[in-house]
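Asks: What follows is a structure written as structure tokens; I'll ask about it next.
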Amino acid sequence: MIRVEEARQLLLTIVRSMPAEVVSLRNAIGRVLAADIRAPLPMPLFDQSAVDGYVLSSRRLPDGSYRVVGMIRAGDIPPKTIQSGQAYRIFTGAAVPQRAYGVVMQEHVQCTGVRLDVPADRIVQGSHIRKKGGHFKKGAVVLQRSALLNAAAIGLLASLGKQTVRVYRKPVIGLLVTGSELRKAGTVLREGEIYESNSSTLIAALESCGYSVKQLAFARDRMAEVERQAKRLMKVCDVVLFSGGISVGDFDFVLPVLGRLGVKQLFYKVAQKPGKPLYAGSLGRKIVFALPGNPASALVCLYEYVLPTLDGMQMKPHRGLVQVRLPLASELSLKADRDQFLRARVVHGHVEVFTAQDSDNLRSFAESNALVFVPAGVSRLSAGEQVIVHLLPQQEIVASNS
């Protein structure tokens with residue numbers, strides 16, 4: 001049995017980046033660039049006005065005023081040059097004529113007919129002009145490989161005329177849920193049976209992190225059935241998750257099936273609570289996780305091990321849950337024999353740990369927005385003491401009042 005940090009380090013040794021693919025910008029949000037993006041043109045494309053106002057020549061008329069000789073709107077072709085004493089009405093984003101001295105905001109001038117009076121302190125060379133190539137030159141790297149494409153990045157690519165982008169392909173994920181006692185919702189339960197919930201839990205968790213299960217299968221606790229479904233998933237998936245059947249009971253067949261299929265074990269059992277019977281292995285470039293059957297244990301293992309692995313295969317700059325340090329809202333006593341992931345809620349800048357931490361209990365998990373990591377050997381934490389907090393995805397964090 002190994003510690004949490006050792007398990008994480010071992011996983012890094014088998015993570016390989018996915019091949020690249022080309023997708024439309026419309027489908028690129030949340031994806032990771034597989035190549036640097038170089039600007040095919042400068043930005044801005046031309047000298048342009050940053051405000052609504054008047055573009056001025058370098059010299060005024062003898063009476064100190066300017067003569068307004070035209071209007072330049074965004075999208076207009078501007079005059080090639082601006083003559084001494086001239087001014088043009090201009091709007092934000094419009095191209096500035098050559099030899100323009102500066103732009104003055106409309107609220108700082110007085111215009112009567114074609115006469116424009118401008119206070120001397122508002123006549124500043126280069127004022128309110130966005131210079132061609134001021135943001136970046138043609139050929140400059142504007143987004144680096146492994147950049148995560150957020151809304152602003154998508155907009156930047158669109159402003160460069162891009163319609164498609166080269167990104168890392170998302171892993172194809174398969175999920176095999178085992179257990180003879182499991183029944184689908186809507187069926188009538190007999191004694192000893194329960195409704196199957198792990199598939200819904202794990203699929204929802206993956207989707208909240210930007211991934212999806214492409215192959216879903218179920219198997220009763222029978223060796224041949226587990227092996228048949230596992231073989232099918234191994235053929236078509238990059239990552240295969242097993243739910244349940246990983247302990248050492250007489251009807252836990254996942255471990256022997258993985259051995260028969262040639263999966264190379266990376267580790268089995270982690271000194272943590274919950275989620276001790278966690279398995280990780282590989283078959284070529286394929287990665288296999290066998291998660292505990294208890295729902296809270298399975299969810300912790302997915303967030304803490306599966307998610308960082310998937311992010312690594314995507315070459316994401318940040319992998320797994322966001323980690324912060326926050327003070328405890330109240331004193332905490334616990335067993336110190338294993339690393340622990342405690343369901344908790346961040347409220348007003350403090351973290352409150354739930355009392356219900358049973359591995360089969362999703363109720364407290366449903367109300368959690370974070371996991372508190374407490375390393376083995378720590379049995380007591382005081383109120384206000386800083387702890388490591390992993391923020392769960394797409395959860396409301398109650399903001400601090402400060």
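Each chain of the structure tokens is named A, B, ... in the order shown, its residues numbered from 1; ligands are numbered from 1 in display order.
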For the alpha helix (DSSP H) assignment from backbone DSSP, which residues of region 87-307 of chain A qualify? Please present them as JSON, numbers by chain.

Replies: {"A": [151, 152, 153, 154, 155, 156, 157, 158, 159, 198, 199, 200, 201, 202, 203, 204, 205, 206, 207, 208, 223, 224, 225, 226, 227, 228, 229, 230, 231, 232, 233, 234, 235, 236, 254, 255, 256, 257, 258, 259, 260, 295, 296, 297, 298, 299, 300, 301, 307]}

Asks: Name all residues at most 10 Å from Thr164 (chain A) (count only C-alpha atoms; drop same-chain ones fewer than 2 positions away) and give them as JSON, numbers by chain.

Replies: {"A": [22, 23, 24, 25, 26, 27, 28, 157, 158, 161, 162, 166, 167]}

Asks: Please list as a list in words every residue within 7 Å of Gln340 (chain A), counting only C-alpha atoms and excluding residues in the same chain fewer than 3 positions away.

Replies: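 In the requested form, the answer reads Gln272, Lys273, Pro274, Phe373, Val374 and Pro375 of chain A.
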
Asks: Give me a file of those residues, with N, CA and C atoms, as a short mmCIF file (atom, residue, chain, number, x, y, z; two decimals), in the first residue's frame.

Replies:
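The resulting file, part27.cif, is shown below:
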```cif
data_model
loop_
_atom_site.label_atom_id
_atom_site.label_comp_id
_atom_site.auth_asym_id
_atom_site.auth_seq_id
_atom_site.Cartn_x
_atom_site.Cartn_y
_atom_site.Cartn_z
N GLN A 272 -5.29 5.90 2.14
CA GLN A 272 -6.13 7.09 2.21
C GLN A 272 -7.54 6.70 2.66
N LYS A 273 -8.28 7.70 3.08
CA LYS A 273 -9.67 7.51 3.46
C LYS A 273 -10.46 8.71 2.96
N PRO A 274 -11.53 8.46 2.16
CA PRO A 274 -11.96 7.16 1.63
C PRO A 274 -11.19 6.80 0.36
N PHE A 373 -7.76 18.15 2.47
CA PHE A 373 -6.76 17.09 2.54
C PHE A 373 -5.99 17.21 3.85
N VAL A 374 -6.00 16.13 4.62
CA VAL A 374 -5.26 16.08 5.88
C VAL A 374 -4.28 14.91 5.81
N PRO A 375 -2.98 15.15 5.86
CA PRO A 375 -2.02 14.06 5.75
C PRO A 375 -2.01 13.16 6.98
#
```

Asks: Write out as number ranges by chain each polymer residue whose atoms come within 12 Å of region 345-362 of chain A, counting only C-alpha atoms; drop sequence neighbours fewer than 5 positions from it.

Replies: A: 197-198, 201, 272-277, 292-301, 324-334, 340, 367-374, 381, 383-392, 395-402

Asks: Take the residues from that selection and write them out as a CSV table (one decimal), in the first residue's frame, keeping C-alpha atoms.

Replies:
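The new file out.csv reads:
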```
chain,number,residue,atom,x,y,z
A,197,SER,CA,-26.0,5.3,-8.9
A,198,ASN,CA,-22.2,5.2,-9.5
A,201,THR,CA,-22.3,10.1,-10.3
A,272,GLN,CA,-6.1,7.1,2.2
A,273,LYS,CA,-9.7,7.5,3.5
A,274,PRO,CA,-12.0,7.2,1.6
A,275,GLY,CA,-10.9,5.2,-1.4
A,276,LYS,CA,-8.2,2.8,-0.1
A,277,PRO,CA,-8.9,0.0,-2.7
A,292,PRO,CA,-14.0,1.5,-5.2
A,293,GLY,CA,-17.7,0.6,-5.2
A,294,ASN,CA,-18.7,2.9,-2.4
A,295,PRO,CA,-20.0,6.1,-4.1
A,296,ALA,CA,-18.2,8.7,-2.0
A,297,SER,CA,-14.9,6.7,-2.3
A,298,ALA,CA,-15.4,6.4,-6.1
A,299,LEU,CA,-16.0,10.2,-6.4
A,300,VAL,CA,-13.0,11.1,-4.3
A,301,CYS,CA,-10.7,8.9,-6.4
A,324,VAL,CA,-5.9,26.7,-1.9
A,325,ARG,CA,-5.2,27.1,1.7
A,326,LEU,CA,-8.0,28.3,4.0
A,327,PRO,CA,-8.6,28.5,7.8
A,328,LEU,CA,-10.8,25.9,9.5
A,329,ALA,CA,-14.1,27.2,10.8
A,330,SER,CA,-13.9,24.9,13.9
A,331,GLU,CA,-11.7,22.4,15.7
A,332,LEU,CA,-11.2,19.0,14.1
A,333,SER,CA,-10.2,15.7,15.6
A,334,LEU,CA,-9.6,12.6,13.5
A,340,GLN,CA,-7.7,11.8,4.4
A,367,GLU,CA,-23.7,19.7,0.0
A,368,SER,CA,-19.9,20.0,-0.4
A,369,ASN,CA,-18.0,22.4,-2.6
A,370,ALA,CA,-14.5,21.3,-1.5
A,371,LEU,CA,-12.3,18.5,-0.1
A,372,VAL,CA,-10.0,19.1,2.8
A,373,PHE,CA,-6.8,17.1,2.5
A,374,VAL,CA,-5.3,16.1,5.9
A,381,LEU,CA,-6.5,20.8,14.0
A,383,ALA,CA,-10.1,26.5,14.6
A,384,GLY,CA,-8.5,29.0,12.3
A,385,GLU,CA,-5.6,26.7,11.4
A,386,GLN,CA,-4.7,26.8,7.7
A,387,VAL,CA,-5.5,23.5,5.8
A,388,ILE,CA,-5.2,22.3,2.2
A,389,VAL,CA,-8.5,22.7,0.3
A,390,HIS,CA,-9.3,21.2,-3.1
A,391,LEU,CA,-12.2,23.1,-4.7
A,392,LEU,CA,-14.8,21.0,-6.4
A,395,GLN,CA,-19.8,24.5,-7.1
A,396,GLU,CA,-20.9,27.7,-5.5
A,397,ILE,CA,-18.3,29.1,-3.2
A,398,VAL,CA,-19.8,31.5,-0.6
A,399,ALA,CA,-17.7,34.7,-0.9
A,400,SER,CA,-15.9,36.3,2.0
A,401,ASN,CA,-17.5,39.3,3.6
A,402,SER,CA,-14.1,41.0,4.0
```

Asks: Could you check the closest approach to Arg60 (chain A) for each of A:Glu21, A:Asp117, A:Glu107, A:Asp76 and tell me which residue wins, using only C-alpha atoms?

Replies: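 Closest residue, counting only C-alpha atoms: A:Asp117.
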
Asks: Just the residues within 8 Å of Tyr88 (chain A), please, counting only C-alpha atoms, with nothing from its chain fewer than 3 positions along; format it as a count of residues only.

Replies: 8

Asks: Can you tell me, as a list in words, what residues are no more than 12 Å from Pro317 (chain A) when counting only C-alpha atoms, ignoring any on the same chain fewer than 5 positions away?

Replies: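 So the residues in contact are Gly30, Arg31, Val32, Leu33, Gln144, Arg145, Ser146, Ala147, Leu148, Leu149, Pro308, Asp311, Gly312 and Val322 of chain A.
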
Asks: Would you save the residues from that selection as a compact mmCIF listing (two decimals), in the first residue's frame, using all heavy atoms?

Replies:
```
# COMPACT_ATOMS: atom_id res chain seq x y z
N GLY A 30 -12.55 25.43 -23.84
CA GLY A 30 -12.08 24.45 -22.87
C GLY A 30 -11.05 23.47 -23.40
O GLY A 30 -10.55 22.63 -22.65
N ARG A 31 -10.71 23.57 -24.69
CA ARG A 31 -9.72 22.66 -25.26
C ARG A 31 -8.32 23.24 -25.08
O ARG A 31 -8.15 24.39 -24.69
CB ARG A 31 -10.02 22.41 -26.75
CG ARG A 31 -11.42 21.86 -27.03
CD ARG A 31 -11.62 20.47 -26.43
NE ARG A 31 -10.81 19.49 -27.10
CZ ARG A 31 -11.18 18.82 -28.20
NH1 ARG A 31 -12.37 19.08 -28.75
NH2 ARG A 31 -10.40 17.91 -28.74
N VAL A 32 -7.32 22.43 -25.39
CA VAL A 32 -5.92 22.82 -25.17
C VAL A 32 -5.18 22.86 -26.50
O VAL A 32 -5.24 21.89 -27.28
CB VAL A 32 -5.24 21.85 -24.20
CG1 VAL A 32 -3.79 22.26 -23.97
CG2 VAL A 32 -5.99 21.79 -22.88
N LEU A 33 -4.49 23.96 -26.77
CA LEU A 33 -3.77 24.12 -28.02
C LEU A 33 -2.67 23.08 -28.18
O LEU A 33 -1.90 22.84 -27.25
CB LEU A 33 -3.14 25.51 -28.10
CG LEU A 33 -4.03 26.68 -28.49
CD1 LEU A 33 -3.22 27.97 -28.47
CD2 LEU A 33 -4.65 26.46 -29.86
N GLN A 144 0.44 30.24 -26.80
CA GLN A 144 1.42 29.17 -26.82
C GLN A 144 0.77 27.80 -26.73
O GLN A 144 -0.34 27.65 -26.20
CB GLN A 144 2.40 29.34 -25.66
CG GLN A 144 3.31 30.56 -25.79
CD GLN A 144 4.34 30.62 -24.70
OE1 GLN A 144 4.10 30.22 -23.57
NE2 GLN A 144 5.52 31.14 -25.02
N ARG A 145 1.46 26.82 -27.27
CA ARG A 145 1.02 25.43 -27.16
C ARG A 145 0.74 25.10 -25.68
O ARG A 145 1.47 25.53 -24.80
CB ARG A 145 2.09 24.49 -27.70
CG ARG A 145 1.72 23.01 -27.67
CD ARG A 145 2.79 22.19 -28.34
NE ARG A 145 4.05 22.24 -27.63
CZ ARG A 145 4.40 21.41 -26.64
NH1 ARG A 145 3.57 20.46 -26.24
NH2 ARG A 145 5.58 21.54 -26.07
N SER A 146 -0.31 24.35 -25.44
CA SER A 146 -0.80 23.95 -24.12
C SER A 146 -1.62 25.05 -23.43
O SER A 146 -2.02 24.87 -22.29
CB SER A 146 0.34 23.49 -23.19
OG SER A 146 0.96 22.33 -23.70
N ALA A 147 -1.88 26.14 -24.14
CA ALA A 147 -2.77 27.16 -23.58
C ALA A 147 -4.20 26.63 -23.56
O ALA A 147 -4.66 25.99 -24.51
CB ALA A 147 -2.70 28.45 -24.38
N LEU A 148 -4.91 26.90 -22.48
CA LEU A 148 -6.31 26.52 -22.35
C LEU A 148 -7.16 27.58 -23.04
O LEU A 148 -7.03 28.77 -22.76
CB LEU A 148 -6.69 26.40 -20.87
CG LEU A 148 -8.10 25.90 -20.56
CD1 LEU A 148 -8.27 24.45 -21.01
CD2 LEU A 148 -8.38 26.02 -19.07
N LEU A 149 -8.03 27.15 -23.93
CA LEU A 149 -8.83 28.08 -24.71
C LEU A 149 -10.08 28.50 -23.94
O LEU A 149 -11.05 27.76 -23.86
CB LEU A 149 -9.20 27.46 -26.06
CG LEU A 149 -8.03 27.18 -26.99
CD1 LEU A 149 -8.49 26.49 -28.27
CD2 LEU A 149 -7.28 28.46 -27.32
N PRO A 308 -6.81 14.52 -12.75
CA PRO A 308 -5.46 15.00 -13.12
C PRO A 308 -4.85 14.20 -14.28
O PRO A 308 -4.10 14.76 -15.08
CB PRO A 308 -4.65 14.82 -11.83
CG PRO A 308 -5.67 14.80 -10.74
CD PRO A 308 -6.88 14.15 -11.33
N ASP A 311 -6.47 15.44 -17.48
CA ASP A 311 -5.92 16.77 -17.78
C ASP A 311 -4.50 16.66 -18.33
O ASP A 311 -4.10 17.41 -19.23
CB ASP A 311 -5.92 17.64 -16.52
CG ASP A 311 -7.31 18.10 -16.12
OD1 ASP A 311 -8.26 17.92 -16.92
OD2 ASP A 311 -7.46 18.64 -15.01
N GLY A 312 -3.73 15.71 -17.78
CA GLY A 312 -2.38 15.49 -18.27
C GLY A 312 -2.35 14.99 -19.70
O GLY A 312 -1.49 15.39 -20.50
N VAL A 322 -8.51 22.70 -8.27
CA VAL A 322 -7.79 23.89 -7.81
C VAL A 322 -7.51 23.75 -6.31
O VAL A 322 -8.40 23.37 -5.53
CB VAL A 322 -8.61 25.17 -8.07
CG1 VAL A 322 -7.93 26.38 -7.46
CG2 VAL A 322 -8.82 25.35 -9.58
```

Asks: Find the spatial neighbours of Ala205 (chain A), counting only C-alpha atoms, within a cut-off of 10 Å - ignore same-chain residues fewer than 4 positions away - and output them as a list in words.

Replies: Ser199, Ser200, Thr201, Cys209, Gly210, Tyr211, Ser212, Leu299, Leu302, Tyr303, Leu307, Leu392, Pro393 and Gln394 of chain A

Asks: Take the residues from that selection and put them in a file with all heavy atoms, as a short mmCIF file (atom, residue, chain, number, x, y, z; two decimals), in the first residue's frame.

Replies:
```cif
data_model
loop_
_atom_site.label_atom_id
_atom_site.label_comp_id
_atom_site.auth_asym_id
_atom_site.auth_seq_id
_atom_site.Cartn_x
_atom_site.Cartn_y
_atom_site.Cartn_z
N SER A 199 -22.73 5.12 -11.90
CA SER A 199 -22.56 5.58 -13.28
C SER A 199 -23.04 7.02 -13.42
O SER A 199 -22.37 7.86 -14.04
CB SER A 199 -23.30 4.67 -14.26
OG SER A 199 -24.70 4.70 -14.02
N SER A 200 -24.20 7.33 -12.83
CA SER A 200 -24.72 8.69 -12.90
C SER A 200 -23.77 9.66 -12.20
O SER A 200 -23.51 10.77 -12.70
CB SER A 200 -26.10 8.76 -12.25
OG SER A 200 -27.02 7.95 -12.94
N THR A 201 -23.24 9.26 -11.05
CA THR A 201 -22.34 10.12 -10.27
C THR A 201 -21.06 10.40 -11.04
O THR A 201 -20.65 11.56 -11.19
CB THR A 201 -21.99 9.44 -8.94
OG1 THR A 201 -23.19 9.13 -8.23
CG2 THR A 201 -21.11 10.35 -8.09
N CYS A 209 -16.26 18.54 -15.50
CA CYS A 209 -14.85 18.87 -15.72
C CYS A 209 -14.49 18.92 -17.20
O CYS A 209 -13.32 19.03 -17.56
CB CYS A 209 -13.97 17.84 -15.02
SG CYS A 209 -14.22 17.73 -13.24
N GLY A 210 -15.50 18.82 -18.08
CA GLY A 210 -15.25 18.94 -19.51
C GLY A 210 -15.00 17.63 -20.23
O GLY A 210 -14.57 17.65 -21.39
N TYR A 211 -15.26 16.50 -19.60
CA TYR A 211 -15.05 15.19 -20.22
C TYR A 211 -16.38 14.44 -20.30
O TYR A 211 -17.36 14.81 -19.65
CB TYR A 211 -14.04 14.37 -19.42
CG TYR A 211 -12.68 15.02 -19.37
CD1 TYR A 211 -12.25 15.73 -18.25
CD2 TYR A 211 -11.81 14.95 -20.46
CE1 TYR A 211 -11.01 16.34 -18.20
CE2 TYR A 211 -10.56 15.57 -20.42
CZ TYR A 211 -10.17 16.25 -19.30
OH TYR A 211 -8.94 16.87 -19.27
N SER A 212 -16.41 13.40 -21.09
CA SER A 212 -17.64 12.61 -21.22
C SER A 212 -17.31 11.14 -21.37
O SER A 212 -16.24 10.77 -21.89
CB SER A 212 -18.47 13.09 -22.42
OG SER A 212 -17.73 12.96 -23.62
N LEU A 299 -16.03 8.76 -6.01
CA LEU A 299 -16.00 10.16 -6.43
C LEU A 299 -14.72 10.85 -6.01
O LEU A 299 -14.13 11.62 -6.78
CB LEU A 299 -17.22 10.88 -5.87
CG LEU A 299 -17.59 12.23 -6.48
CD1 LEU A 299 -17.67 12.15 -8.00
CD2 LEU A 299 -18.90 12.73 -5.90
N LEU A 302 -12.01 9.69 -8.34
CA LEU A 302 -12.13 10.30 -9.65
C LEU A 302 -11.56 11.71 -9.65
O LEU A 302 -10.79 12.09 -10.53
CB LEU A 302 -13.59 10.32 -10.11
CG LEU A 302 -13.79 10.89 -11.52
CD1 LEU A 302 -14.68 10.00 -12.36
CD2 LEU A 302 -14.38 12.30 -11.46
N TYR A 303 -11.94 12.52 -8.64
CA TYR A 303 -11.45 13.89 -8.57
C TYR A 303 -9.95 13.96 -8.34
O TYR A 303 -9.26 14.80 -8.92
CB TYR A 303 -12.17 14.65 -7.45
CG TYR A 303 -13.56 15.10 -7.78
CD1 TYR A 303 -14.60 14.93 -6.87
CD2 TYR A 303 -13.86 15.72 -8.99
CE1 TYR A 303 -15.89 15.36 -7.16
CE2 TYR A 303 -15.14 16.14 -9.29
CZ TYR A 303 -16.15 15.97 -8.36
OH TYR A 303 -17.42 16.40 -8.65
N LEU A 307 -9.13 12.67 -12.73
CA LEU A 307 -9.18 14.00 -13.33
C LEU A 307 -7.79 14.55 -13.67
O LEU A 307 -7.56 15.02 -14.80
CB LEU A 307 -9.95 14.96 -12.44
CG LEU A 307 -10.02 16.42 -12.92
CD1 LEU A 307 -10.67 16.50 -14.30
CD2 LEU A 307 -10.77 17.28 -11.91
N LEU A 392 -14.06 21.83 -5.47
CA LEU A 392 -14.77 20.98 -6.42
C LEU A 392 -15.27 21.81 -7.60
O LEU A 392 -15.60 22.99 -7.45
CB LEU A 392 -15.95 20.29 -5.73
CG LEU A 392 -15.56 19.35 -4.58
CD1 LEU A 392 -16.81 18.76 -3.93
CD2 LEU A 392 -14.66 18.22 -5.09
N PRO A 393 -15.35 21.20 -8.79
CA PRO A 393 -15.75 21.97 -9.98
C PRO A 393 -17.22 22.33 -9.97
O PRO A 393 -18.06 21.58 -9.45
CB PRO A 393 -15.42 21.01 -11.14
CG PRO A 393 -15.49 19.65 -10.52
CD PRO A 393 -15.01 19.80 -9.11
N GLN A 394 -17.53 23.49 -10.56
CA GLN A 394 -18.91 23.96 -10.76
C GLN A 394 -19.72 23.93 -9.47
O GLN A 394 -20.85 23.50 -9.44
CB GLN A 394 -19.62 23.14 -11.84
CG GLN A 394 -19.00 23.33 -13.22
CD GLN A 394 -19.85 22.76 -14.32
OE1 GLN A 394 -20.86 22.13 -14.11
NE2 GLN A 394 -19.41 22.99 -15.55
#
```

Asks: Among region 226-263 of chain A, which ones does DSSP place in strand (DSSP E), written as a count of residues only?

Replies: 5
